[in-house]
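So this block is coords-v3.pdb, PDB, C-alpha atoms:
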MODEL        1
ATOM      1  CA  MET M   1     -19.202 -12.721 -21.303
ATOM      2  CA  LYS M   2     -15.570 -13.544 -22.037
ATOM      3  CA  ALA M   3     -13.203 -15.018 -19.487
ATOM      4  CA  ILE M   4      -9.880 -16.848 -19.455
ATOM      5  CA  GLY M   5      -9.713 -20.202 -17.720
ATOM      6  CA  TYR M   6      -8.603 -23.822 -17.968
ATOM      7  CA  THR M   7     -10.065 -27.315 -17.873
ATOM      8  CA  GLN M   8      -7.116 -29.186 -16.397
ATOM      9  CA  ALA M   9      -4.414 -28.193 -13.923
ATOM     10  CA  GLY M  10      -0.880 -28.428 -15.219
ATOM     11  CA  PRO M  11       2.178 -26.601 -16.567
ATOM     12  CA  ILE M  12       1.752 -23.238 -18.241
ATOM     13  CA  ASP M  13       3.484 -24.453 -21.418
ATOM     14  CA  GLY M  14       1.042 -27.354 -21.775
ATOM     15  CA  PRO M  15      -1.658 -27.367 -24.473
ATOM     16  CA  ASP M  16      -4.654 -25.219 -23.532
ATOM     17  CA  SER M  17      -3.075 -24.247 -20.199
ATOM     18  CA  LEU M  18      -5.249 -21.159 -20.467
ATOM     19  CA  GLU M  19      -7.971 -20.481 -23.013
ATOM     20  CA  THR M  20     -10.723 -17.993 -23.778
ATOM     21  CA  ILE M  21     -14.172 -19.171 -22.747
ATOM     22  CA  GLU M  22     -17.741 -17.850 -22.624
ATOM     23  CA  ILE M  23     -19.396 -17.870 -19.194
ATOM     24  CA  SER M  24     -22.639 -16.504 -17.820
ATOM     25  CA  ILE M  25     -22.752 -13.152 -16.042
ATOM     26  CA  PRO M  26     -22.863 -14.062 -12.326
ATOM     27  CA  GLU M  27     -25.828 -13.183 -10.145
ATOM     28  CA  THR M  28     -25.098 -10.363  -7.712
ATOM     29  CA  GLY M  29     -25.470 -11.355  -4.043
ATOM     30  CA  PRO M  30     -26.610  -9.020  -1.244
ATOM     31  CA  LYS M  31     -23.121  -7.723  -0.356
ATOM     32  CA  ASP M  32     -21.620  -8.061  -3.844
ATOM     33  CA  LEU M  33     -20.307  -5.594  -6.365
ATOM     34  CA  LEU M  34     -20.465  -6.569 -10.038
ATOM     35  CA  VAL M  35     -17.290  -5.065 -11.482
ATOM     36  CA  ALA M  36     -16.259  -4.486 -15.090
ATOM     37  CA  VAL M  37     -12.617  -5.567 -14.888
ATOM     38  CA  LYS M  38     -10.200  -3.055 -16.445
ATOM     39  CA  GLY M  39      -6.870  -4.255 -15.013
ATOM     40  CA  VAL M  40      -5.435  -7.360 -13.342
ATOM     41  CA  SER M  41      -2.096  -8.524 -12.018
ATOM     42  CA  VAL M  42      -0.523 -11.945 -11.520
ATOM     43  CA  ASN M  43       0.671 -13.262  -8.164
ATOM     44  CA  PRO M  44       2.341 -16.487  -6.986
ATOM     45  CA  VAL M  45      -1.098 -17.756  -5.927
ATOM     46  CA  ASP M  46      -2.292 -17.572  -9.555
ATOM     47  CA  VAL M  47       0.367 -19.964 -10.789
ATOM     48  CA  LYS M  48       0.092 -22.255  -7.766
ATOM     49  CA  VAL M  49      -3.652 -22.663  -8.237
ATOM     50  CA  ARG M  50      -3.411 -23.122 -12.020
ATOM     51  CA  ALA M  51      -0.688 -25.757 -11.655
ATOM     52  CA  ALA M  52      -2.344 -27.807  -8.936
ATOM     53  CA  MET M  53      -6.099 -27.169  -8.677
ATOM     54  CA  GLY M  54      -8.261 -28.429 -11.497
ATOM     55  CA  PRO M  55     -11.906 -27.408 -11.852
ATOM     56  CA  GLU M  56     -14.554 -29.527 -10.189
ATOM     57  CA  GLN M  57     -16.439 -29.362 -13.469
ATOM     58  CA  GLY M  58     -16.049 -27.459 -16.706
ATOM     59  CA  HIS M  59     -13.611 -24.544 -16.664
ATOM     60  CA  LYS M  60     -11.904 -22.855 -13.746
ATOM     61  CA  VAL M  61     -11.365 -19.081 -13.909
ATOM     62  CA  ILE M  62      -8.659 -17.723 -11.637
ATOM     63  CA  GLY M  63      -7.127 -14.299 -11.010
ATOM     64  CA  TYR M  64      -7.230 -12.364  -7.768
ATOM     65  CA  ASP M  65      -6.001  -8.784  -8.126
ATOM     66  CA  ALA M  66      -8.289  -6.517 -10.118
ATOM     67  CA  ALA M  67      -9.315  -2.918 -10.661
ATOM     68  CA  GLY M  68     -12.457  -1.842 -12.442
ATOM     69  CA  ILE M  69     -15.788  -0.027 -12.455
ATOM     70  CA  VAL M  70     -18.854  -1.050 -10.449
ATOM     71  CA  GLN M  71     -21.720  -2.032 -12.772
ATOM     72  CA  ALA M  72     -24.258  -3.233 -10.192
ATOM     73  CA  VAL M  73     -24.548  -3.517  -6.413
ATOM     74  CA  GLY M  74     -26.280  -5.976  -4.113
ATOM     75  CA  SER M  75     -29.247  -5.112  -1.902
ATOM     76  CA  GLU M  76     -27.110  -4.787   1.253
ATOM     77  CA  VAL M  77     -24.190  -2.831  -0.232
ATOM     78  CA  SER M  78     -23.616   0.398   1.688
ATOM     79  CA  HIS M  79     -20.146   1.677   0.754
ATOM     80  CA  PHE M  80     -20.239   1.708  -3.070
ATOM     81  CA  LYS M  81     -22.494   2.726  -5.935
ATOM     82  CA  VAL M  82     -22.666   2.068  -9.660
ATOM     83  CA  GLY M  83     -19.848   3.919 -11.421
ATOM     84  CA  ASP M  84     -17.355   3.757  -8.558
ATOM     85  CA  GLU M  85     -13.805   2.775  -9.444
ATOM     86  CA  VAL M  86     -12.593  -0.024  -7.169
ATOM     87  CA  TYR M  87      -9.629  -2.301  -6.612
ATOM     88  CA  TYR M  88      -9.414  -5.546  -4.665
ATOM     89  CA  ALA M  89      -7.751  -8.953  -4.273
ATOM     90  CA  GLY M  90     -10.739 -11.246  -4.601
ATOM     91  CA  ASP M  91     -11.669 -14.437  -2.833
ATOM     92  CA  LEU M  92      -9.981 -17.826  -3.252
ATOM     93  CA  THR M  93     -13.342 -19.594  -2.964
ATOM     94  CA  ARG M  94     -15.029 -17.680  -5.828
ATOM     95  CA  SER M  95     -14.549 -17.426  -9.571
ATOM     96  CA  GLY M  96     -11.561 -15.259 -10.465
ATOM     97  CA  THR M  97     -10.879 -11.857 -11.954
ATOM     98  CA  ASN M  98      -9.729 -13.015 -15.397
ATOM     99  CA  ALA M  99     -13.215 -12.219 -16.680
ATOM    100  CA  GLU M 100     -14.910  -9.189 -18.185
ATOM    101  CA  LEU M 101     -17.338  -8.989 -15.252
ATOM    102  CA  HIS M 102     -16.540 -10.169 -11.739
ATOM    103  CA  LEU M 103     -18.268 -10.375  -8.364
ATOM    104  CA  VAL M 104     -16.564  -9.253  -5.174
ATOM    105  CA  ASP M 105     -17.873  -8.751  -1.633
ATOM    106  CA  GLU M 106     -17.843  -5.038  -0.822
ATOM    107  CA  ARG M 107     -16.119  -5.748   2.497
ATOM    108  CA  ILE M 108     -12.877  -6.711   0.714
ATOM    109  CA  ALA M 109     -12.873  -3.970  -1.955
ATOM    110  CA  GLY M 110     -11.524  -0.441  -1.748
ATOM    111  CA  LYS M 111     -11.850   2.787  -3.719
ATOM    112  CA  LYS M 112      -9.198   2.776  -6.453
ATOM    113  CA  PRO M 113      -6.392   5.334  -6.052
ATOM    114  CA  LYS M 114      -7.380   8.295  -8.220
ATOM    115  CA  SER M 115      -3.780   8.941  -9.239
ATOM    116  CA  LEU M 116      -3.277   5.482 -10.787
ATOM    117  CA  ASP M 117      -4.777   3.959 -13.909
ATOM    118  CA  PHE M 118      -6.559   0.630 -13.607
ATOM    119  CA  ALA M 119      -3.564  -1.552 -14.436
ATOM    120  CA  GLU M 120      -1.292   0.327 -12.046
ATOM    121  CA  ALA M 121      -3.896   0.037  -9.307
ATOM    122  CA  ALA M 122      -4.315  -3.700  -9.937
ATOM    123  CA  ALA M 123      -0.687  -4.219  -8.903
ATOM    124  CA  LEU M 124      -1.483  -3.333  -5.314
ATOM    125  CA  PRO M 125      -4.426  -5.028  -3.548
ATOM    126  CA  LEU M 126      -3.288  -8.582  -2.745
ATOM    127  CA  THR M 127       0.233  -7.545  -1.810
ATOM    128  CA  ALA M 128      -0.886  -4.446   0.112
ATOM    129  CA  ILE M 129      -3.374  -6.481   2.148
ATOM    130  CA  THR M 130      -0.747  -9.150   2.828
ATOM    131  CA  ALA M 131       1.936  -6.662   3.841
ATOM    132  CA  TRP M 132      -0.484  -4.625   5.976
ATOM    133  CA  GLU M 133      -1.725  -7.725   7.793
ATOM    134  CA  LEU M 134       1.843  -8.951   8.319
ATOM    135  CA  LEU M 135       2.868  -5.686   9.950
ATOM    136  CA  PHE M 136      -0.233  -4.659  11.856
ATOM    137  CA  ASP M 137      -1.996  -7.971  12.527
ATOM    138  CA  SER M 138       0.669 -10.696  12.623
ATOM    139  CA  LEU M 139       3.455  -8.625  14.196
ATOM    140  CA  GLY M 140       0.990  -6.592  16.240
ATOM    141  CA  LEU M 141       2.539  -3.250  15.369
ATOM    142  CA  LYS M 142       0.660   0.031  15.473
ATOM    143  CA  GLU M 143       1.366   3.012  13.284
ATOM    144  CA  GLY M 144       4.255   4.972  14.739
ATOM    145  CA  ASP M 145       5.696   1.946  16.581
ATOM    146  CA  GLY M 146       9.203   0.619  16.208
ATOM    147  CA  GLN M 147      11.501   3.355  17.487
ATOM    148  CA  GLY M 148      14.883   1.726  18.141
ATOM    149  CA  ASP M 149      13.853  -1.625  16.623
ATOM    150  CA  ALA M 150      14.645  -3.233  13.282
ATOM    151  CA  LEU M 151      12.633  -5.297  10.790
ATOM    152  CA  LEU M 152      14.191  -7.831   8.423
ATOM    153  CA  ILE M 153      12.187  -8.663   5.266
ATOM    154  CA  ILE M 154      13.484 -11.758   3.463
ATOM    155  CA  GLY M 155      12.768 -11.936  -0.279
ATOM    156  CA  ALA M 156      11.758  -8.300  -0.442
ATOM    157  CA  ALA M 157      11.921  -7.543  -4.181
ATOM    158  CA  GLY M 158       8.616  -9.204  -5.046
ATOM    159  CA  GLY M 159       5.162  -7.733  -4.730
ATOM    160  CA  VAL M 160       4.623  -8.170  -0.991
ATOM    161  CA  GLY M 161       8.115  -7.046  -0.080
ATOM    162  CA  SER M 162       7.906  -4.010  -2.358
ATOM    163  CA  ILE M 163       4.842  -2.595  -0.639
ATOM    164  CA  GLY M 164       5.864  -3.986   2.772
ATOM    165  CA  ILE M 165       9.080  -1.956   2.727
ATOM    166  CA  GLN M 166       7.096   1.181   1.924
ATOM    167  CA  LEU M 167       4.499   0.609   4.630
ATOM    168  CA  ALA M 168       7.166  -0.069   7.238
ATOM    169  CA  ARG M 169       9.146   3.020   6.248
ATOM    170  CA  GLN M 170       6.183   5.381   6.032
ATOM    171  CA  LEU M 171       3.979   4.174   8.878
ATOM    172  CA  THR M 172       6.437   2.911  11.499
ATOM    173  CA  LYS M 173       9.776   3.966  12.950
ATOM    174  CA  LEU M 174      11.424   0.599  12.286
ATOM    175  CA  GLU M 175      14.837   0.370  10.663
ATOM    176  CA  VAL M 176      14.169  -1.771   7.591
ATOM    177  CA  ILE M 177      16.600  -4.402   6.320
ATOM    178  CA  ALA M 178      15.572  -5.983   3.002
ATOM    179  CA  THR M 179      17.099  -8.988   1.289
ATOM    180  CA  ALA M 180      17.570  -9.473  -2.454
ATOM    181  CA  SER M 181      20.164 -11.316  -4.515
ATOM    182  CA  ARG M 182      20.754  -9.581  -7.870
ATOM    183  CA  PRO M 183      22.040  -6.070  -8.577
ATOM    184  CA  GLU M 184      18.683  -5.078 -10.039
ATOM    185  CA  THR M 185      16.676  -6.442  -7.108
ATOM    186  CA  ILE M 186      19.014  -4.831  -4.595
ATOM    187  CA  ALA M 187      18.534  -1.526  -6.409
ATOM    188  CA  TRP M 188      14.763  -2.073  -6.346
ATOM    189  CA  VAL M 189      14.466  -2.656  -2.594
ATOM    190  CA  GLN M 190      16.590   0.430  -2.033
ATOM    191  CA  LYS M 191      14.241   2.388  -4.297
ATOM    192  CA  MET M 192      11.297   1.125  -2.235
ATOM    193  CA  GLY M 193      12.924   2.657   0.836
ATOM    194  CA  ALA M 194      14.908  -0.037   2.641
ATOM    195  CA  HIS M 195      17.536   1.406   4.991
ATOM    196  CA  HIS M 196      19.787  -1.581   4.277
ATOM    197  CA  ALA M 197      19.920  -4.202   1.508
ATOM    198  CA  ILE M 198      21.639  -7.549   2.055
ATOM    199  CA  ASN M 199      21.972 -10.727  -0.027
ATOM    200  CA  HIS M 200      19.899 -13.746   0.991
ATOM    201  CA  ARG M 201      22.210 -16.025  -1.009
ATOM    202  CA  LYS M 202      24.925 -15.259   1.540
ATOM    203  CA  PRO M 203      24.856 -15.987   5.307
ATOM    204  CA  LEU M 204      22.130 -13.736   6.705
ATOM    205  CA  ALA M 205      23.157 -13.687  10.349
ATOM    206  CA  ALA M 206      26.676 -12.489   9.576
ATOM    207  CA  GLN M 207      25.397  -9.706   7.305
ATOM    208  CA  VAL M 208      22.887  -8.493   9.883
ATOM    209  CA  GLU M 209      25.558  -8.583  12.580
ATOM    210  CA  GLU M 210      27.806  -6.418  10.384
ATOM    211  CA  LEU M 211      25.041  -3.815  10.383
ATOM    212  CA  GLY M 212      25.167  -3.758  14.173
ATOM    213  CA  LEU M 213      21.479  -4.639  14.390
ATOM    214  CA  LYS M 214      19.439  -7.289  16.201
ATOM    215  CA  PRO M 215      16.017  -7.244  14.505
ATOM    216  CA  LYS M 216      13.015  -7.612  16.774
ATOM    217  CA  TYR M 217      10.849  -8.527  13.776
ATOM    218  CA  VAL M 218      11.413 -10.827  10.783
ATOM    219  CA  ILE M 219       9.068 -11.220   7.818
ATOM    220  CA  SER M 220      10.014 -14.138   5.573
ATOM    221  CA  LEU M 221       8.347 -14.174   2.166
ATOM    222  CA  ASN M 222      10.109 -17.132   0.555
ATOM    223  CA  GLY M 223      12.754 -19.696   1.346
ATOM    224  CA  THR M 224      11.736 -19.789   5.014
ATOM    225  CA  GLY M 225      12.721 -23.430   5.426
ATOM    226  CA  SER M 226      16.327 -22.848   4.402
ATOM    227  CA  HIS M 227      16.593 -19.495   6.206
ATOM    228  CA  PHE M 228      14.943 -20.531   9.477
ATOM    229  CA  PRO M 229      18.129 -21.420  11.432
ATOM    230  CA  ALA M 230      19.630 -18.059  10.466
ATOM    231  CA  ILE M 231      16.425 -16.243  11.420
ATOM    232  CA  VAL M 232      16.465 -17.818  14.884
ATOM    233  CA  ASP M 233      20.136 -16.898  15.221
ATOM    234  CA  LEU M 234      19.854 -13.245  14.184
ATOM    235  CA  ILE M 235      16.511 -12.217  15.732
ATOM    236  CA  ALA M 236      16.377 -10.507  19.124
ATOM    237  CA  PRO M 237      15.034 -12.428  22.121
ATOM    238  CA  ARG M 238      11.250 -12.157  22.457
ATOM    239  CA  GLY M 239      11.079 -11.171  18.830
ATOM    240  CA  HIS M 240       8.400 -12.109  16.321
ATOM    241  CA  ILE M 241       8.634 -14.077  13.049
ATOM    242  CA  ALA M 242       5.883 -13.881  10.411
ATOM    243  CA  ILE M 243       5.861 -15.854   7.156
ATOM    244  CA  ILE M 244       3.675 -16.396   4.086
ATOM    245  CA  ASP M 245       5.305 -19.312   2.263
ATOM    246  CA  ASP M 246       4.888 -23.060   2.776
ATOM    247  CA  PRO M 247       8.054 -24.654   4.195
ATOM    248  CA  ALA M 248       7.869 -28.444   4.372
ATOM    249  CA  GLU M 249       8.900 -28.365   8.013
ATOM    250  CA  LEU M 250      10.217 -25.966  10.622
ATOM    251  CA  ASP M 251      12.010 -26.737  13.882
ATOM    252  CA  MET M 252       9.641 -24.846  16.151
ATOM    253  CA  LYS M 253      11.504 -26.008  19.249
ATOM    254  CA  ALA M 254      14.391 -23.824  18.096
ATOM    255  CA  ILE M 255      12.426 -20.661  18.904
ATOM    256  CA  LYS M 256      11.736 -21.615  22.524
ATOM    257  CA  MET M 257      14.992 -20.430  24.134
ATOM    258  CA  LYS M 258      14.508 -16.915  22.778
ATOM    259  CA  ALA M 259      10.771 -17.002  23.597
ATOM    260  CA  LEU M 260       9.983 -16.025  20.016
ATOM    261  CA  SER M 261       6.493 -15.576  18.629
ATOM    262  CA  PHE M 262       5.500 -17.010  15.246
ATOM    263  CA  SER M 263       2.672 -16.138  12.848
ATOM    264  CA  TRP M 264       1.453 -17.316   9.479
ATOM    265  CA  GLU M 265      -0.221 -14.738   7.241
ATOM    266  CA  PHE M 266      -2.809 -15.698   4.614
ATOM    267  CA  MET M 267      -4.727 -12.771   3.191
ATOM    268  CA  PHE M 268      -7.628 -14.927   1.947
ATOM    269  CA  THR M 269      -8.522 -16.088   5.470
ATOM    270  CA  ARG M 270     -11.005 -13.277   6.136
ATOM    271  CA  SER M 271     -12.978 -13.902   2.936
ATOM    272  CA  MET M 272     -12.729 -17.710   3.056
ATOM    273  CA  PHE M 273     -14.142 -17.897   6.566
ATOM    274  CA  GLN M 274     -16.389 -14.809   6.417
ATOM    275  CA  THR M 275     -14.770 -13.471   9.579
ATOM    276  CA  THR M 276     -16.523 -10.791  11.582
ATOM    277  CA  ASP M 277     -13.739  -8.338  10.727
ATOM    278  CA  MET M 278     -13.799  -8.821   6.924
ATOM    279  CA  ASP M 279     -14.412  -5.106   6.480
ATOM    280  CA  ALA M 280     -10.891  -4.435   7.760
ATOM    281  CA  GLN M 281      -9.655  -5.180   4.245
ATOM    282  CA  ARG M 282     -11.918  -2.554   2.699
ATOM    283  CA  GLN M 283     -10.686  -0.035   5.237
ATOM    284  CA  LEU M 284      -7.007  -0.779   4.732
ATOM    285  CA  LEU M 285      -7.360  -0.678   0.935
ATOM    286  CA  ASN M 286      -8.975   2.759   1.243
ATOM    287  CA  ARG M 287      -6.102   3.865   3.478
ATOM    288  CA  VAL M 288      -3.519   2.553   1.000
ATOM    289  CA  ALA M 289      -5.324   4.364  -1.833
ATOM    290  CA  ALA M 290      -5.203   7.630   0.131
ATOM    291  CA  LEU M 291      -1.478   7.156   0.825
ATOM    292  CA  VAL M 292      -0.869   6.554  -2.887
ATOM    293  CA  ASP M 293      -2.830   9.655  -3.872
ATOM    294  CA  GLU M 294      -0.866  11.682  -1.309
ATOM    295  CA  GLY M 295       2.393  10.506  -2.911
ATOM    296  CA  ILE M 296       3.451   8.619   0.214
ATOM    297  CA  LEU M 297       3.229   5.172  -1.414
ATOM    298  CA  GLN M 298       3.960   4.259  -5.011
ATOM    299  CA  SER M 299       2.577   1.555  -7.261
ATOM    300  CA  THR M 300       4.799  -1.523  -7.420
ATOM    301  CA  MET M 301       4.014  -2.149 -11.097
ATOM    302  CA  THR M 302       7.165  -2.798 -13.109
ATOM    303  CA  GLN M 303       5.789  -4.233 -16.372
ATOM    304  CA  HIS M 304       2.549  -3.771 -18.301
ATOM    305  CA  LEU M 305       2.202  -6.875 -20.460
ATOM    306  CA  GLY M 306      -0.658  -5.599 -22.598
ATOM    307  CA  GLU M 307      -4.351  -6.399 -22.843
ATOM    308  CA  ILE M 308      -5.955  -9.257 -20.920
ATOM    309  CA  THR M 309      -5.572 -12.005 -23.530
ATOM    310  CA  VAL M 310      -4.648 -15.681 -23.335
ATOM    311  CA  GLU M 311      -1.237 -15.011 -24.845
ATOM    312  CA  ASN M 312      -0.382 -12.163 -22.498
ATOM    313  CA  LEU M 313      -1.689 -13.984 -19.432
ATOM    314  CA  ILE M 314       0.394 -17.060 -20.314
ATOM    315  CA  GLU M 315       3.455 -14.822 -20.560
ATOM    316  CA  ALA M 316       2.644 -13.313 -17.163
ATOM    317  CA  HIS M 317       2.365 -16.790 -15.632
ATOM    318  CA  LYS M 318       5.663 -17.852 -17.200
ATOM    319  CA  GLN M 319       7.420 -14.805 -15.809
ATOM    320  CA  GLN M 320       5.900 -15.355 -12.362
ATOM    321  CA  GLU M 321       7.054 -18.980 -12.360
ATOM    322  CA  SER M 322      10.604 -17.903 -13.250
ATOM    323  CA  GLY M 323      11.018 -16.432  -9.765
ATOM    324  CA  LYS M 324      12.607 -13.331 -11.247
ATOM    325  CA  VAL M 325       9.691 -10.901 -11.266
ATOM    326  CA  ILE M 326      10.530  -7.597  -9.588
ATOM    327  CA  GLY M 327       7.524  -5.801  -8.149
ATOM    328  CA  LYS M 328       4.370  -6.673 -10.106
ATOM    329  CA  ASN M 329       3.378  -7.477 -13.700
ATOM    330  CA  VAL M 330      -0.022  -6.168 -14.795
ATOM    331  CA  LEU M 331      -2.398  -6.496 -17.733
ATOM    332  CA  GLY M 332      -5.453  -4.662 -18.967
ATOM    333  CA  PRO M 333      -7.979  -3.919 -20.158
ATOM    334  CA  PHE M 334      -9.741  -6.720 -22.064
ATOM    335  CA  PRO M 335      -9.660  -6.240 -25.855
ATOM    336  CA  ALA M 336     -12.593  -4.226 -27.176
TER     337      ALA M 336
ENDMDL
END

Encoded form using structure tokens:
Amino acid sequence: MKAIGYTQAGPIDGPDSLETIEISIPETGPKDLLVAVKGVSVNPVDVKVRAAMGPEQGHKVIGYDAAGIVQAVGSEVSHFKVGDEVYYAGDLTRSGTNAELHLVDERIAGKKPKSLDFAEAAALPLTAITAWELLFDSLGLKEGDGQGDALLIIGAAGGVGSIGIQLARQLTKLEVIATASRPETIAWVQKMGAHHAINHRKPLAAQVEELGLKPKYVISLNGTGSHFPAIVDLIAPRGHIAIIDDPAELDMKAIKMKALSFSWEFMFTRSMFQTTDMDAQRQLLNRVAALVDEGILQSTMTQHLGEITVENLIEAHKQQESGKVIGKNVLGPFPA
């Protein structure tokens, strides 16, 4: 079968940064779904892995978000059957979704939203899982919580922020403050449902103070290292900070006086370590799909870059590396 991969980690504009290859159809394990991939999207993790992680041997196929049709099921699969339409975010330890056929553990896959096509659906899984786990695992919120409290989401115009704003607005009573820096990204976070939009290129604490709010919760999606002093300043005592990026260092002593809690979110943890609660991701993806089909949540797709080809995937990686992607870029299907 056809796939898109690389033989050497490096810059996307390097020779053969991505190329079409022929690989064997993988053998379906007991809990696996073999999925015909019809749509994919590109995330920051795609470009980070491609730039820094070379294959142990031969080619490396990456790609994490996907939507497609189940072609075969493992002997222990109980939630899906051949012909089901699914969407999922994959597993960092397995071969990726930039392939015509792909294996995924049923415990981290959900039924695709019926109201979205495959490419639109592929925009959602990784970011929806991340945002859901940030809100309901890291921050410890329950649906309906948050009356009288505020949430600040830093760097909210990307994929995680776009769905995170929606989940917070629709499933909690939190007052949502989102940061962005350009007119178009400010307009986007407002479209996603943020109560307030502020500029993370300007002093955050002063802007939050002008709103008359003292957020109990802060989700930082990028630039945490530079924003951390402001976060500690603006957050309410006994508040909670959750992040997903990789700051070189953080002054954790600074959070002691306010007795703040701190969490790191990594959506691949459950699949990497085969945790006992892996199935939580299947359940939350099904819930997100239902909310989409009910019109409560919307796809965060902003650009469809065409079929899944080397040229289009390179363009998607270039755009992701620019740091200017709003929402999510998607591709699909593979050329006939």

(message) Applying the PyMOL selection byres ((chain M and resi 86) around 8) to the file I just gave you, which residues come out? Please list them as a list in words.
(response)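 After applying the PyMOL selection byres ((chain M and resi 86) around 8), what remains is Ala67, Gly68, Ile69, Val70, Asp84, Glu85, Tyr87, Tyr88, Ala109, Gly110, Lys111 and Lys112 of chain M.
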
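Counting only C-alpha atoms, the residue from M:Lys60, M:Arg270, M:Arg50, M:Lys2 that sits nearest to Ile314 of chain M is M:Arg50.
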
(request) Carefully work through the PyMOL selection byres ((chain M and resi 207) around 12) for this structure and note down the residues it includes, as an MDAnalysis selection string. (result) chainID M and resid 152 177:179 196:206 208:214 230:231 233:234

(message) From (8.5, -13.8, -11.8), in the file's coordinates, out to 12 Å: which residues are reached, counting only C-alpha atoms? Answer as a list in words.
(response)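 The residues near that point, listed by chain and number, are Ser41, Val42, Asn43, Pro44, Val45, Asp46, Val47, Ala157, Gly158, Gly159, Thr185, Thr302, Gln303, Glu315, Ala316, His317, Lys318, Gln319, Gln320, Glu321, Ser322, Gly323, Lys324, Val325, Ile326, Gly327, Lys328, Asn329 and Val330 of chain M.
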
(request) Carefully work through the PyMOL selection byres ((chain M and resi 216) around 12) for this structure and note down the residues it includes, as a PyMOL selection string. (result) chain M and resi 139+141+146-153+174-177+213-215+217-219+231-242+258-261

(message) What's around Lys31 of chain M at 10 Å? Count all atoms listed in the file, leave out sequence neighbours fewer than 5 positions away in its own chain, and write the answer as an MDAnalysis selection string.
(response) chainID M and resid 73:79 103:107

(request) Would you mind telling me which residue in M:Asp13, M:Glu27, M:Asp245, M:Glu19 lies nearest to Asn98 of chain M when using all atoms listed in the file? (result)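 Of all the options, M:Glu19 lies closest to Asn98 of chain M.
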
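Considering the residues M:Lys38, M:His304, M:Arg287, M:Lys191 and counting only C-alpha atoms, Trp132 of chain M has its shortest atom-to-atom contact with M:Arg287.
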
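Going from atom CA of Ala51 of chain M to atom CA of Ile23 of chain M covers 21.7 Å.
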
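The interatomic distance for the pair atom CA of Val189 of chain M and atom CA of Ala89 of chain M works out to 23.2 Å.
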
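Interatomic distance, atom CA of Ile165 of chain M against atom CA of Glu143 of chain M: 14.0 Å.
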
(request) Tell me which protein, DNA and RNA residues are within 10 Å of Leu291 of chain M, counting all atoms listed in the file, leaving out same-chain ones fewer than 5 positions away, and put them as a list in words. (result)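 The contact residues come out as Pro113, Leu167, Gln170, Leu285, Asn286, Ile296, Leu297 and Gln298 of chain M.
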
As an mmCIF file with C-alpha atoms, keeping the file's coordinate frame, please: the residues near segment 266-268 of chain M (cut-off 7 Å, only C-alpha atoms, same-chain neighbours under 5 positions excluded).
data_model
loop_
_atom_site.group_PDB
_atom_site.id
_atom_site.type_symbol
_atom_site.label_atom_id
_atom_site.label_comp_id
_atom_site.auth_asym_id
_atom_site.auth_seq_id
_atom_site.Cartn_x
_atom_site.Cartn_y
_atom_site.Cartn_z
ATOM 1 C CA ASP M 91 -11.669 -14.437 -2.833
ATOM 2 C CA LEU M 92 -9.981 -17.826 -3.252
ATOM 3 C CA ILE M 129 -3.374 -6.481 2.148
ATOM 4 C CA THR M 130 -0.747 -9.150 2.828
ATOM 5 C CA ILE M 244 3.675 -16.396 4.086
#

If we count all atoms listed in the file, what is near Ile243 of chain M at a cut-off of 9 Å, once residues fewer than 5 positions away on the same chain are taken out, given as a PDB file with C-alpha atoms, keeping the file's coordinate frame?
ATOM      1  CA  LEU M 134       1.843  -8.951   8.319  1.00  0.00           C
ATOM      2  CA  VAL M 218      11.413 -10.827  10.783  1.00  0.00           C
ATOM      3  CA  ILE M 219       9.068 -11.220   7.818  1.00  0.00           C
ATOM      4  CA  SER M 220      10.014 -14.138   5.573  1.00  0.00           C
ATOM      5  CA  LEU M 221       8.347 -14.174   2.166  1.00  0.00           C
ATOM      6  CA  ASN M 222      10.109 -17.132   0.555  1.00  0.00           C
ATOM      7  CA  THR M 224      11.736 -19.789   5.014  1.00  0.00           C
ATOM      8  CA  PHE M 262       5.500 -17.010  15.246  1.00  0.00           C
ATOM      9  CA  SER M 263       2.672 -16.138  12.848  1.00  0.00           C
ATOM     10  CA  TRP M 264       1.453 -17.316   9.479  1.00  0.00           C
ATOM     11  CA  GLU M 265      -0.221 -14.738   7.241  1.00  0.00           C
TER      12      GLU M 265
END

(request) Pick out the closest residue to Pro335 of chain M from this set: M:Gly164, M:Gly225, M:Gly54, M:Gly306. Count all atoms listed in the file. (result) M:Gly306
